[in-house]
$ cat run17.txt   # compact mmCIF, N, CA and C atoms
# COMPACT_ATOMS: atom_id res chain seq x y z
N MET U 1 40.84 20.43 25.40
CA MET U 1 41.26 19.17 24.80
C MET U 1 40.30 18.04 25.15
N ASN U 2 39.86 17.99 26.40
CA ASN U 2 38.92 16.95 26.82
C ASN U 2 37.58 17.10 26.10
N ARG U 3 37.17 18.33 25.90
CA ARG U 3 35.91 18.58 25.20
C ARG U 3 35.99 18.08 23.75
N PHE U 4 37.12 18.30 23.09
CA PHE U 4 37.33 17.83 21.72
C PHE U 4 37.23 16.31 21.64
N ILE U 5 37.85 15.62 22.55
CA ILE U 5 37.82 14.16 22.58
C ILE U 5 36.38 13.68 22.82
N PHE U 6 35.67 14.32 23.72
CA PHE U 6 34.29 13.94 24.02
C PHE U 6 33.39 14.13 22.79
N VAL U 7 33.50 15.27 22.13
CA VAL U 7 32.69 15.54 20.94
C VAL U 7 33.03 14.56 19.82
N THR U 8 34.28 14.27 19.64
CA THR U 8 34.71 13.31 18.62
C THR U 8 34.14 11.93 18.92
N PHE U 9 34.17 11.54 20.17
CA PHE U 9 33.63 10.25 20.59
C PHE U 9 32.12 10.18 20.32
N ILE U 10 31.39 11.22 20.63
CA ILE U 10 29.95 11.26 20.40
C ILE U 10 29.65 11.17 18.90
N ILE U 11 30.38 11.89 18.10
CA ILE U 11 30.18 11.85 16.64
C ILE U 11 30.46 10.45 16.11
N LEU U 12 31.49 9.81 16.61
CA LEU U 12 31.82 8.44 16.21
C LEU U 12 30.69 7.48 16.56
N ILE U 13 30.13 7.61 17.73
CA ILE U 13 29.03 6.74 18.14
C ILE U 13 27.82 6.95 17.23
N ILE U 14 27.52 8.20 16.92
CA ILE U 14 26.39 8.50 16.03
C ILE U 14 26.61 7.90 14.65
N LEU U 15 27.80 8.01 14.12
CA LEU U 15 28.10 7.44 12.80
C LEU U 15 27.97 5.92 12.79
N VAL U 16 28.43 5.27 13.85
CA VAL U 16 28.31 3.81 13.95
C VAL U 16 26.84 3.40 14.01
N LEU U 17 26.04 4.13 14.77
CA LEU U 17 24.61 3.83 14.86
C LEU U 17 23.90 4.03 13.51
N LEU U 18 24.23 5.09 12.80
CA LEU U 18 23.64 5.32 11.49
C LEU U 18 24.02 4.22 10.50
N TYR U 19 25.27 3.77 10.56
CA TYR U 19 25.73 2.67 9.71
C TYR U 19 24.94 1.40 10.03
N ALA U 20 24.77 1.11 11.30
CA ALA U 20 24.04 -0.09 11.72
C ALA U 20 22.60 -0.03 11.26
N ILE U 21 21.97 1.11 11.38
CA ILE U 21 20.58 1.25 10.96
C ILE U 21 20.46 1.02 9.46
N LYS U 22 21.37 1.59 8.70
CA LYS U 22 21.29 1.49 7.24
C LYS U 22 21.57 0.08 6.72
N TYR U 23 22.55 -0.61 7.29
CA TYR U 23 22.99 -1.87 6.70
C TYR U 23 22.53 -3.13 7.41
N PHE U 24 21.98 -3.03 8.59
CA PHE U 24 21.61 -4.25 9.31
C PHE U 24 20.11 -4.41 9.50
N ILE U 25 19.33 -3.43 9.10
CA ILE U 25 17.88 -3.60 9.16
C ILE U 25 17.46 -4.33 7.89
N ASN U 26 16.76 -5.41 8.08
CA ASN U 26 16.35 -6.27 6.99
C ASN U 26 15.16 -5.64 6.25
N ASP U 27 15.24 -5.56 4.92
CA ASP U 27 14.14 -5.00 4.11
C ASP U 27 12.86 -5.81 4.28
N ASP U 28 12.98 -7.14 4.45
CA ASP U 28 11.80 -7.98 4.63
C ASP U 28 11.07 -7.62 5.91
N ASP U 29 11.82 -7.43 6.99
CA ASP U 29 11.20 -7.05 8.26
C ASP U 29 10.55 -5.68 8.15
N PHE U 30 11.22 -4.76 7.50
CA PHE U 30 10.69 -3.41 7.31
C PHE U 30 9.37 -3.47 6.54
N CYS U 31 9.33 -4.28 5.52
CA CYS U 31 8.13 -4.43 4.70
C CYS U 31 6.99 -5.00 5.53
N LEU U 32 7.26 -6.05 6.29
CA LEU U 32 6.21 -6.66 7.10
C LEU U 32 5.73 -5.75 8.21
N ASP U 33 6.64 -4.99 8.81
CA ASP U 33 6.28 -4.11 9.92
C ASP U 33 5.51 -2.87 9.49
N THR U 34 5.88 -2.29 8.36
CA THR U 34 5.33 -0.99 7.98
C THR U 34 4.38 -1.04 6.78
N GLY U 35 4.52 -2.07 5.94
CA GLY U 35 3.73 -2.13 4.72
C GLY U 35 4.41 -1.47 3.53
N TYR U 36 5.58 -0.84 3.76
CA TYR U 36 6.35 -0.23 2.68
C TYR U 36 7.34 -1.26 2.15
N CYS U 37 7.13 -1.70 0.92
CA CYS U 37 7.95 -2.76 0.35
C CYS U 37 8.72 -2.23 -0.86
N LYS U 38 10.00 -2.54 -0.88
CA LYS U 38 10.92 -2.06 -1.91
C LYS U 38 10.70 -2.80 -3.23
N GLU U 39 10.88 -2.07 -4.32
CA GLU U 39 10.76 -2.67 -5.65
C GLU U 39 11.74 -3.84 -5.78
N GLY U 40 11.25 -4.94 -6.35
CA GLY U 40 12.09 -6.11 -6.58
C GLY U 40 11.96 -7.17 -5.49
N MET U 41 11.33 -6.84 -4.37
CA MET U 41 11.15 -7.83 -3.31
C MET U 41 10.14 -8.88 -3.75
N SER U 42 10.36 -10.09 -3.29
CA SER U 42 9.42 -11.17 -3.56
C SER U 42 8.59 -11.40 -2.30
N LEU U 43 7.27 -11.38 -2.46
CA LEU U 43 6.37 -11.52 -1.31
C LEU U 43 5.38 -12.65 -1.53
N ASN U 44 5.07 -13.35 -0.46
CA ASN U 44 3.98 -14.32 -0.48
C ASN U 44 2.72 -13.59 -0.02
N THR U 45 1.71 -13.58 -0.87
CA THR U 45 0.47 -12.89 -0.55
C THR U 45 -0.69 -13.87 -0.67
N GLU U 46 -1.88 -13.39 -0.37
CA GLU U 46 -3.07 -14.22 -0.52
C GLU U 46 -3.32 -14.57 -1.99
N TYR U 47 -2.70 -13.83 -2.91
CA TYR U 47 -2.82 -14.08 -4.35
C TYR U 47 -1.70 -14.96 -4.88
N GLY U 48 -0.82 -15.41 -4.01
CA GLY U 48 0.36 -16.18 -4.40
C GLY U 48 1.60 -15.30 -4.29
N GLN U 49 2.68 -15.79 -4.82
CA GLN U 49 3.94 -15.04 -4.74
C GLN U 49 3.98 -13.95 -5.81
N ILE U 50 4.36 -12.74 -5.39
CA ILE U 50 4.47 -11.62 -6.33
C ILE U 50 5.83 -10.96 -6.15
N VAL U 51 6.28 -10.28 -7.18
CA VAL U 51 7.47 -9.44 -7.12
C VAL U 51 6.98 -8.00 -7.11
N VAL U 52 7.44 -7.23 -6.15
CA VAL U 52 6.96 -5.86 -6.00
C VAL U 52 7.48 -4.99 -7.14
N ASN U 53 6.57 -4.40 -7.88
CA ASN U 53 6.86 -3.40 -8.89
C ASN U 53 5.61 -2.54 -9.03
N GLN U 54 5.65 -1.55 -9.86
CA GLN U 54 4.53 -0.62 -9.98
C GLN U 54 3.24 -1.34 -10.37
N GLU U 55 3.34 -2.22 -11.33
CA GLU U 55 2.15 -2.94 -11.81
C GLU U 55 1.55 -3.83 -10.73
N SER U 56 2.39 -4.64 -10.07
CA SER U 56 1.85 -5.54 -9.04
C SER U 56 1.34 -4.77 -7.84
N CYS U 57 1.95 -3.65 -7.53
CA CYS U 57 1.52 -2.81 -6.43
C CYS U 57 0.09 -2.31 -6.66
N ILE U 58 -0.13 -1.72 -7.80
CA ILE U 58 -1.44 -1.17 -8.12
C ILE U 58 -2.49 -2.29 -8.25
N LYS U 59 -2.08 -3.40 -8.86
CA LYS U 59 -2.98 -4.53 -9.05
C LYS U 59 -3.49 -5.09 -7.72
N HIS U 60 -2.65 -5.03 -6.69
CA HIS U 60 -3.01 -5.60 -5.38
C HIS U 60 -3.36 -4.52 -4.36
N ASN U 61 -3.94 -3.43 -4.87
CA ASN U 61 -4.48 -2.34 -4.05
C ASN U 61 -3.44 -1.63 -3.19
N GLY U 62 -2.24 -1.53 -3.69
CA GLY U 62 -1.21 -0.76 -2.99
C GLY U 62 -1.09 0.63 -3.58
N GLU U 63 -0.31 1.44 -2.93
CA GLU U 63 -0.05 2.81 -3.41
C GLU U 63 1.42 2.89 -3.82
N TRP U 64 1.68 3.13 -5.09
CA TRP U 64 3.05 3.17 -5.61
C TRP U 64 3.67 4.55 -5.34
N ILE U 65 4.84 4.55 -4.74
CA ILE U 65 5.57 5.79 -4.46
C ILE U 65 6.69 5.86 -5.49
N LEU U 66 6.46 6.63 -6.54
CA LEU U 66 7.32 6.63 -7.72
C LEU U 66 8.74 7.06 -7.42
N ASN U 67 8.93 8.17 -6.70
CA ASN U 67 10.29 8.68 -6.49
C ASN U 67 11.13 7.78 -5.58
N LYS U 68 10.52 6.96 -4.76
CA LYS U 68 11.26 6.05 -3.86
C LYS U 68 11.27 4.62 -4.36
N LYS U 69 10.38 4.31 -5.34
CA LYS U 69 10.21 2.95 -5.87
C LYS U 69 9.85 1.97 -4.75
N TYR U 70 8.84 2.37 -3.98
CA TYR U 70 8.28 1.56 -2.90
C TYR U 70 6.79 1.41 -3.14
N CYS U 71 6.23 0.34 -2.60
CA CYS U 71 4.79 0.16 -2.60
C CYS U 71 4.31 0.19 -1.16
N LYS U 72 3.28 0.95 -0.90
CA LYS U 72 2.64 0.98 0.41
C LYS U 72 1.40 0.12 0.32
N PHE U 73 1.51 -1.10 0.88
CA PHE U 73 0.36 -1.99 0.92
C PHE U 73 -0.51 -1.62 2.10
N LYS U 74 -1.81 -1.66 1.90
CA LYS U 74 -2.75 -1.25 2.96
C LYS U 74 -3.08 -2.39 3.86
$ encode --input "run17.txt" --output "structure tokens"
Amino acid sequence: MNRFIFVTFIILIILVLLYAIKYFINDDDFCLDTGYCKEGMSLNTEYGQIVVNQESCIKHNGEWILNKKYCKFK
């Protein structure tokens, strides 16, 4: 019985952590930290303000990841 409660508690903690990671990490911070920017984000660049999409990604020397709809800026 104690083992069941312990395992249930661990699973609950893992689920809470996964929820926090998914919903509380800011897309803007992720973009600035990694260079992977989500489609539709508005960014201030050396070329002025752009909205991330396939066209703007390629135009500004990024790599468009089609299946994820992200741009990897170098």
$ select_by_dssp --input "run17.txt" --residues "chain U" --states "strand (DSSP E)" --output "list in words"
Tyr36, Cys37, Lys38, Ser42, Leu43, Asn44, Thr45, Gly48, Gln49, Ile50, Val51, Glu63, Trp64, Ile65, Tyr70, Cys71 and Lys72 of chain U
$ closest_residue --input "run17.txt" --among "U:Ile50, U:Leu12, U:Cys37, U:Met1" --to "Lys72 of chain U" --atoms "only C-alpha atoms"
U:Cys37
$ closest_residue --input "run17.txt" --among "U:Asn2, U:Tyr47, U:Tyr36, U:Glu55" --to "Cys71 of chain U" --atoms "all atoms listed in the file"
U:Tyr36
$ axis_aligned_box --input "run17.txt" --around "segment 38-45 of chain U" --padding-each-side "8 Å" --output "lines of an AutoDock Vina configuration file"
center_x = 5.7
center_y = -8.2
center_z = -3.3
size_x = 28.8
size_y = 28.3
size_z = 22.6
$ select_by_dssp --input "run17.txt" --residues "chain U" --states "alpha helix (DSSP H)" --output "PyMOL selection string"
chain U and resi 2-24+27-34+54-59
$ atom_distance --input "run17.txt" --atom1 "atom CA of Lys59 of chain U" --atom2 "atom CA of Gly35 of chain U"
15.5 Å
$ atom_distance --input "run17.txt" --atom1 "atom CA of Glu46 of chain U" --atom2 "atom CA of Phe73 of chain U"
12.8 Å
$ atom_distance --input "run17.txt" --atom1 "atom N of Ser56 of chain U" --atom2 "atom C of Tyr70 of chain U"
10.2 Å
